[in-house]
$ cat my_file-v1.txt   # compact mmCIF, C-alpha atoms
# COMPACT_ATOMS: atom_id res chain seq x y z
CA MET A 1 18.27 83.05 68.74
CA VAL A 2 21.68 81.40 69.20
CA GLU A 3 22.61 79.61 72.40
CA GLY A 4 24.98 82.36 73.49
CA GLY A 5 22.14 84.86 73.42
CA ILE A 6 20.23 83.01 76.13
CA VAL A 7 23.34 82.76 78.28
CA LYS A 8 23.94 86.49 77.87
CA LEU A 9 20.37 87.32 78.92
CA LEU A 10 20.62 85.16 82.02
CA SER A 11 24.00 86.58 82.96
CA GLU A 12 22.74 90.15 82.51
CA ILE A 13 19.80 89.44 84.83
CA ALA A 14 22.13 87.98 87.44
CA LYS A 15 24.59 90.86 87.12
CA ASN A 16 21.96 93.60 87.39
CA SER A 17 19.87 91.81 90.06
CA LEU A 18 16.58 92.79 88.42
CA PRO A 19 13.46 92.04 90.49
CA PRO A 20 11.19 89.32 89.05
CA LYS A 21 7.99 90.46 87.35
CA SER A 22 4.62 90.18 89.10
CA ASP A 23 2.68 92.28 86.59
CA GLY A 24 2.20 91.59 82.89
CA ASP A 25 4.25 92.11 79.75
CA ILE A 26 3.60 90.82 76.26
CA VAL A 27 6.14 88.07 75.52
CA GLU A 28 6.79 86.09 72.33
CA PHE A 29 9.30 83.51 73.62
CA ILE A 30 9.60 81.36 76.75
CA ALA A 31 12.77 79.87 78.25
CA VAL A 32 12.68 76.07 78.49
CA ILE A 33 15.11 73.29 79.36
CA GLY A 34 17.84 73.65 76.80
CA GLY A 35 16.98 77.03 75.34
CA MET A 36 13.77 78.79 74.38
CA ARG A 37 10.62 78.36 72.33
CA LYS A 38 8.63 80.77 70.23
CA LEU A 39 5.00 81.01 71.37
CA ASP A 40 2.24 80.50 68.84
CA ASN A 41 0.94 83.99 69.65
CA PRO A 42 2.28 86.89 71.73
CA THR A 43 1.00 86.29 75.25
CA ILE A 44 0.72 88.28 78.46
CA SER A 45 3.48 87.00 80.70
CA THR A 46 1.31 86.53 83.80
CA SER A 47 -0.74 83.88 81.99
CA LEU A 48 2.30 81.61 81.61
CA GLU A 49 4.12 79.32 84.00
CA CYS A 50 7.42 77.50 83.81
CA ILE A 51 7.01 74.09 82.15
CA ALA A 52 9.81 72.69 84.31
CA CYS A 53 8.95 73.88 87.84
CA SER A 54 5.47 75.44 87.34
CA GLY A 55 6.71 78.72 88.77
CA LYS A 56 4.86 81.90 87.86
CA MET A 57 7.38 84.53 89.00
CA HIS A 58 9.43 85.53 86.01
CA TYR A 59 11.58 88.02 84.14
CA ALA A 60 10.35 89.52 80.87
CA VAL A 61 13.39 90.76 78.96
CA TYR A 62 14.13 92.01 75.46
CA LEU A 63 15.86 89.48 73.23
CA SER A 64 18.49 91.88 71.97
CA PRO A 65 17.91 95.51 72.94
CA PRO A 66 17.67 97.92 71.28
CA GLU A 67 17.55 96.06 67.94
CA ASP A 68 15.04 93.32 68.80
CA ARG A 69 12.17 94.52 71.01
CA ARG A 70 10.49 91.11 71.29
CA LYS A 71 10.44 89.75 74.82
CA LEU A 72 11.42 86.44 76.40
CA TRP A 73 9.79 84.89 79.49
CA ILE A 74 12.43 83.52 81.91
CA CYS A 75 11.64 81.66 85.13
CA ALA A 76 12.73 83.55 88.27
CA ASN A 77 13.31 80.38 90.29
CA VAL A 78 17.10 80.31 90.75
CA SER A 79 17.11 76.53 91.15
CA CYS A 80 15.01 75.88 88.04
CA VAL A 81 16.66 73.68 85.42
CA THR A 82 15.64 76.13 82.68
CA THR A 83 18.09 78.69 84.08
CA ASP A 84 20.95 76.22 84.53
CA MET A 85 23.67 77.49 82.20
CA LYS A 86 24.87 74.01 81.26
CA ASN A 87 21.44 73.22 79.85
CA ILE A 88 21.40 76.16 77.45
CA ARG A 89 21.12 74.83 73.91
CA ARG A 90 18.55 74.88 71.15
CA ASP A 91 15.16 73.39 71.97
CA THR A 92 13.00 71.80 69.31
CA ASN A 93 10.03 70.66 71.38
CA PRO A 94 6.53 71.86 70.41
CA PRO A 95 5.63 75.32 71.78
CA PRO A 96 3.53 75.45 74.97
CA GLN A 97 -0.11 76.45 74.71
CA ALA A 98 -1.36 79.38 76.78
CA LEU A 99 -4.92 78.51 77.79
CA ARG A 100 -7.52 81.30 77.85
CA ALA A 101 -9.79 81.82 80.83
CA LEU A 102 -12.60 82.81 78.45
CA LEU A 103 -12.65 82.24 74.70
CA TRP A 104 -12.84 85.59 72.94
CA PRO A 105 -15.68 84.60 70.54
CA LYS A 106 -17.65 83.48 73.60
CA PHE A 107 -17.06 86.85 75.28
CA CYS A 108 -18.27 88.57 72.11
CA GLU A 109 -21.46 86.49 72.14
CA ILE A 110 -22.14 87.06 75.84
CA ASN A 111 -21.74 90.82 75.49
CA GLY A 112 -23.43 91.23 72.11
CA ILE A 113 -20.27 92.49 70.40
CA GLY A 114 -20.79 90.44 67.24
CA ASP A 115 -18.68 88.05 65.20
CA GLU A 116 -17.10 90.89 63.20
CA ASN A 117 -14.91 91.47 66.26
CA TYR A 118 -13.69 87.88 66.64
CA ASP A 119 -10.30 88.98 65.27
CA VAL A 120 -9.70 91.70 67.87
CA ARG A 121 -6.27 91.26 69.48
CA PHE A 122 -4.44 93.47 71.93
CA GLU A 123 -1.28 93.14 69.85
CA ASN A 124 -3.07 94.87 66.95
CA VAL A 125 -3.81 98.10 68.84
CA GLN A 126 -2.30 100.99 66.87
CA GLN A 127 -1.67 103.68 69.45
CA SER A 128 1.33 105.35 71.04
CA GLN A 129 3.66 103.20 73.10
CA GLY A 130 2.72 105.20 76.19
CA LYS A 131 -0.96 104.32 75.77
CA ILE A 132 -0.16 100.68 75.05
CA ASP A 133 2.07 100.37 78.14
CA TYR A 134 -0.64 101.87 80.36
CA MET A 135 -3.37 99.67 78.87
CA LEU A 136 -1.16 96.62 79.36
CA LYS A 137 -0.71 97.35 83.06
CA PHE A 138 -4.41 98.18 83.43
CA SER A 139 -5.42 94.85 81.89
CA SER A 140 -3.10 93.06 84.29
CA LYS A 141 -4.83 94.64 87.30
CA PRO A 142 -7.84 96.82 86.43
CA ARG A 143 -8.19 99.72 88.84
CA GLY A 144 -9.67 103.20 88.59
CA ILE A 145 -10.92 104.75 85.37
CA ILE A 146 -9.66 105.20 81.82
CA LEU A 147 -11.53 107.83 79.80
CA MET A 148 -10.97 107.51 76.05
CA GLN A 149 -12.01 110.65 74.16
CA GLY A 150 -11.83 111.43 70.46
CA ASP A 151 -13.56 111.63 67.13
CA PRO A 152 -15.49 108.63 65.75
CA GLY A 153 -13.37 105.94 64.13
CA THR A 154 -10.08 106.84 65.82
CA GLY A 155 -9.64 103.52 67.61
CA LYS A 156 -11.32 104.02 71.00
CA THR A 157 -13.72 101.08 70.77
CA TYR A 158 -11.06 98.77 69.34
CA ALA A 159 -8.63 99.66 72.14
CA ALA A 160 -11.33 99.08 74.79
CA MET A 161 -12.26 95.73 73.26
CA ALA A 162 -8.59 94.79 73.00
CA ILE A 163 -8.11 95.37 76.73
CA CYS A 164 -11.05 93.00 77.31
CA GLU A 165 -9.47 90.49 74.91
CA LEU A 166 -6.18 90.59 76.78
CA TYR A 167 -7.86 90.48 80.20
CA THR A 168 -10.01 87.46 79.34
CA ARG A 169 -6.93 85.44 78.49
CA LYS A 170 -6.51 84.96 82.25
CA GLU A 171 -9.72 86.23 83.94
CA THR A 172 -13.46 86.10 83.27
CA SER A 173 -14.96 88.96 85.31
CA ALA A 174 -15.38 91.46 82.45
CA ILE A 175 -18.33 93.23 80.82
CA PHE A 176 -18.42 95.22 77.58
CA THR A 177 -21.52 97.33 76.98
CA THR A 178 -22.64 100.52 75.28
CA GLN A 179 -24.41 103.36 77.04
CA LYS A 180 -27.57 102.46 75.11
CA GLN A 181 -27.40 98.80 76.17
CA MET A 182 -26.70 99.80 79.77
CA SER A 183 -29.63 102.21 79.97
CA ASN A 184 -31.98 99.60 78.45
CA ASN A 185 -30.82 96.92 80.89
CA TRP A 186 -31.13 99.36 83.79
CA LEU A 187 -34.74 100.17 82.83
CA GLU A 188 -35.52 96.44 82.76
CA THR A 189 -34.69 96.23 86.47
CA PHE A 190 -37.77 98.32 87.30
CA LYS A 191 -40.26 95.87 85.80
CA PRO A 192 -42.26 94.32 88.66
CA ASP A 193 -42.49 90.92 87.02
CA ARG A 194 -38.77 90.53 86.48
CA TYR A 195 -35.96 89.89 88.96
CA SER A 196 -32.62 91.23 87.74
CA THR A 197 -29.07 91.10 89.04
CA TYR A 198 -27.87 93.56 86.39
CA VAL A 199 -26.92 96.40 88.76
CA GLU A 200 -25.01 93.96 90.94
CA ARG A 201 -23.16 92.50 87.95
CA VAL A 202 -21.99 95.83 86.50
CA SER A 203 -21.07 97.04 89.98
CA ASN A 204 -18.96 94.00 90.82
CA ALA A 205 -17.28 93.18 87.50
CA ASN A 206 -13.52 93.52 87.78
CA LEU A 207 -13.39 95.11 84.33
CA LEU A 208 -16.27 97.19 82.95
CA VAL A 209 -16.26 98.95 79.57
CA VAL A 210 -18.98 101.48 78.71
CA ASP A 211 -18.69 102.36 75.03
CA ASP A 212 -20.16 105.41 73.24
CA PHE A 213 -20.94 107.28 76.44
CA GLY A 214 -22.69 110.59 75.80
CA THR A 215 -24.52 109.60 72.62
CA GLY A 216 -28.26 109.58 72.04
CA ASP A 217 -31.06 110.18 74.49
CA ILE A 218 -30.96 108.84 78.02
CA PRO A 219 -33.90 107.99 80.28
CA PRO A 220 -34.58 110.15 83.34
CA GLY A 221 -32.53 109.05 86.31
CA PHE A 222 -29.90 107.18 84.30
CA LEU A 223 -27.09 109.62 85.07
CA GLY A 224 -27.93 109.34 88.77
CA PHE A 225 -27.62 105.56 88.48
CA PHE A 226 -24.36 105.91 86.55
CA MET A 227 -22.91 108.26 89.16
CA GLU A 228 -23.76 105.78 91.91
CA LEU A 229 -22.19 103.02 89.83
CA ILE A 230 -18.95 104.98 89.42
CA ASN A 231 -18.88 105.88 93.12
CA THR A 232 -19.32 102.22 94.06
CA ARG A 233 -16.64 100.96 91.71
CA MET A 234 -14.12 103.62 92.76
CA GLN A 235 -14.24 102.30 96.33
CA TRP A 236 -12.59 99.03 95.27
CA THR A 237 -8.95 98.59 94.27
CA ASN A 238 -9.69 95.55 92.09
CA ARG A 239 -12.32 97.11 89.80
CA GLY A 240 -11.44 99.08 86.70
CA THR A 241 -13.76 101.04 84.40
CA ILE A 242 -13.17 102.15 80.81
CA ILE A 243 -15.41 104.81 79.27
CA THR A 244 -15.22 105.79 75.60
CA THR A 245 -16.84 108.94 74.27
CA ASN A 246 -16.91 111.11 71.17
CA LEU A 247 -17.43 114.18 73.37
CA TYR A 248 -14.60 116.51 74.27
CA ILE A 249 -14.28 118.20 77.65
CA ASP A 250 -16.86 121.00 77.39
CA LYS A 251 -19.63 118.89 75.86
CA PHE A 252 -18.74 115.95 78.10
CA ASN A 253 -19.11 118.09 81.24
CA LYS A 254 -22.43 119.46 79.96
CA PHE A 255 -23.74 115.97 79.26
CA CYS A 256 -22.67 114.46 82.58
CA GLY A 257 -23.08 117.34 84.93
CA GLU A 258 -20.24 118.73 87.02
CA ALA A 259 -20.28 116.15 89.82
CA LEU A 260 -20.20 113.04 87.58
CA ALA A 261 -17.72 114.56 85.14
CA ASP A 262 -15.41 115.45 88.04
CA ARG A 263 -15.37 111.85 89.27
CA ILE A 264 -14.71 110.43 85.82
CA MET A 265 -11.95 112.97 85.16
CA THR A 266 -10.00 111.69 88.17
CA GLY A 267 -9.00 108.75 85.99
CA GLN A 268 -6.44 108.46 83.20
CA GLN A 269 -7.51 110.41 80.12
CA PHE A 270 -6.55 109.26 76.62
CA GLU A 271 -7.15 111.42 73.57
CA PHE A 272 -7.59 109.65 70.23
CA LYS A 273 -6.88 111.64 67.08
CA GLY A 274 -6.53 111.12 63.35
CA LYS A 275 -8.63 110.06 60.41
CA THR A 276 -11.33 107.46 60.79
CA ARG A 277 -10.08 103.87 60.60
CA ARG A 278 -13.45 102.35 59.88
CA LYS A 279 -13.70 100.40 56.66
CA LYS A 280 -16.24 101.48 54.08
CA ASN A 281 -18.01 99.07 51.78
CA ILE A 282 -18.48 100.72 48.40
CA LEU A 283 -20.27 98.98 45.54
$ encode --input "my_file-v1.txt" --output "structure tokens"
Amino acid sequence: MVEGGIVKLLSEIAKNSLPPKSDGDIVEFIAVIGGMRKLDNPTISTSLECIACSGKMHYAVYLSPPEDRRKLWICANVSCVTTDMKNIRRDTNPPPQALRALLWPKFCEINGIGDENYDVRFENVQQSQGKIDYMLKFSSKPRGIILMQGDPGTGKTYAAMAICELYTRKETSAIFTTQKQMSNNWLETFKPDRYSTYVERVSNANLLVVDDFGTGDIPPGFLGFFMELINTRMQWTNRGTIITTNLYIDKFNKFCGEALADRIMTGQQFEFKGKTRRKKNIL
């Protein structure tokens, strides 16, 4: 971007008196003393801070709307040297590094996701812009429920993992599990020779993903446990739950029962359609 472009962005912000951002946007550039730098990877804006004044309040603006939809992080501190017009020029310093709260491969290991998913990135989610915008805000502050419904292979699991990937760039309180894993871990809590904090952990995690809900057999009492889990999590404004399922409304209601289905349906519902995206290995 040329120097005049930065000046124009800053002047537009001043003219329109836009409020600074406190939630997250995906940004690819950051304003620095003398201009801007391109980040190594697109990054959620709330994980960055100004390298000049360490401020976290910011603007996230398009570089050149509507042609260029990439976004630039600009410090909202009016006295910051990065927003001083006389300092606007090209910057050639090395790009800043956005440190993760939890390395994604480590998250995959902890949650049994597997190394095949080491390359999951939120930026690679292929869904409508409306879904992506909602998922972005949800990952910034998980709250309530997202129910992802659709045929197998349509991107539900990838989208749920990608929200975890984005969330763990700045926070660590996240769990990804399948219904099968959850029911097995729940059964383990009843063994008299074993002390378990599993119920407490899934109840208190800020972000909880339950994948493949409604598949396979479930042990007696599991749906009662799951209903209590949902009820507990819904009482907190800082806990968000994502549920993915291959079941559509009628079969989902039959599987869950009316009371549990009604609670889950109070959340945001996403429908995933299309052909399967899963790769097939053919010899």
$ closest_residue --input "my_file-v1.txt" --among "A:Gln179, A:Tyr158, A:Gln269, A:His58" --to "Pro219 of chain A" --atoms "all atoms listed in the file"
A:Gln179
$ closest_residue --input "my_file-v1.txt" --among "A:Arg201, A:Arg37, A:Arg143, A:Lys106" --to "Met234 of chain A" --atoms "only C-alpha atoms"
A:Arg143
$ axis_aligned_box --input "my_file-v1.txt" --around "segment 117-129 of chain A" --padding-each-side "8 Å" --output "lines of an AutoDock Vina configuration file"
center_x = -5.6
center_y = 96.6
center_z = 69.2
size_x = 34.6
size_y = 33.5
size_z = 23.8
$ atom_distance --input "my_file-v1.txt" --atom1 "atom CA of Ile145 of chain A" --atom2 "atom CA of Gly216 of chain A"
22.4 Å
$ atom_distance --input "my_file-v1.txt" --atom1 "atom CA of Gly24 of chain A" --atom2 "atom CA of Ile44 of chain A"
5.7 Å
$ closest_atom_pairs --input "my_file-v1.txt" --of "segment 143-186 of chain A" --to "segment 237-256 of chain A" --cutoff "6 Å" --atoms "all atoms listed in the file" --output "Markdown table"
| residue | atom | partner | partner_atom | distance |
| --- | --- | --- | --- | --- |
| A:Arg143 | CA | A:Gly240 | CA | 3.9 |
| A:Gly144 | CA | A:Gly240 | CA | 4.9 |
| A:Ile145 | CA | A:Thr241 | CA | 4.8 |
| A:Ile146 | CA | A:Ile242 | CA | 4.8 |
| A:Leu147 | CA | A:Ile243 | CA | 4.9 |
| A:Met148 | CA | A:Thr244 | CA | 4.6 |
| A:Gln149 | CA | A:Thr245 | CA | 5.1 |
| A:Gly150 | CA | A:Asn246 | CA | 5.1 |
| A:Asp151 | CA | A:Asn246 | CA | 5.3 |
$ residues_around --input "my_file-v1.txt" --residues "Ala159 of chain A" --least-positions-apart "4" --cutoff "8 Å" --atoms "only C-alpha atoms" --output "PyMOL selection string"
chain A and resi 122+125+155+163
$ closest_residue --input "my_file-v1.txt" --among "A:Ser183, A:Thr197, A:Gln129, A:Asn206" --to "Pro220 of chain A" --atoms "only C-alpha atoms"
A:Ser183
$ closest_residue --input "my_file-v1.txt" --among "A:Leu187, A:Ile74, A:Ile26, A:Ile110" --to "Leu166 of chain A" --atoms "all atoms listed in the file"
A:Ile26
$ closest_residue --input "my_file-v1.txt" --among "A:Lys191, A:Arg263, A:Lys275, A:Lys170" --to "Leu102 of chain A" --atoms "all atoms listed in the file"
A:Lys170
$ closest_residue --input "my_file-v1.txt" --among "A:Met227, A:Val32, A:Met182, A:Val210" --to "Met161 of chain A" --atoms "all atoms listed in the file"
A:Val210
$ residues_around --input "my_file-v1.txt" --residues "Leu72 of chain A" --least-positions-apart "5" --cutoff "8 Å" --atoms "all atoms listed in the file" --output "compact mmCIF listing (two decimals) with C-alpha atoms, in the frame of the given file"
# COMPACT_ATOMS: atom_id res chain seq x y z
CA VAL A 27 6.14 88.07 75.52
CA GLU A 28 6.79 86.09 72.33
CA PHE A 29 9.30 83.51 73.62
CA ILE A 30 9.60 81.36 76.75
CA ALA A 31 12.77 79.87 78.25
CA TYR A 59 11.58 88.02 84.14
CA ALA A 60 10.35 89.52 80.87
CA VAL A 61 13.39 90.76 78.96
CA TYR A 62 14.13 92.01 75.46
CA LEU A 63 15.86 89.48 73.23
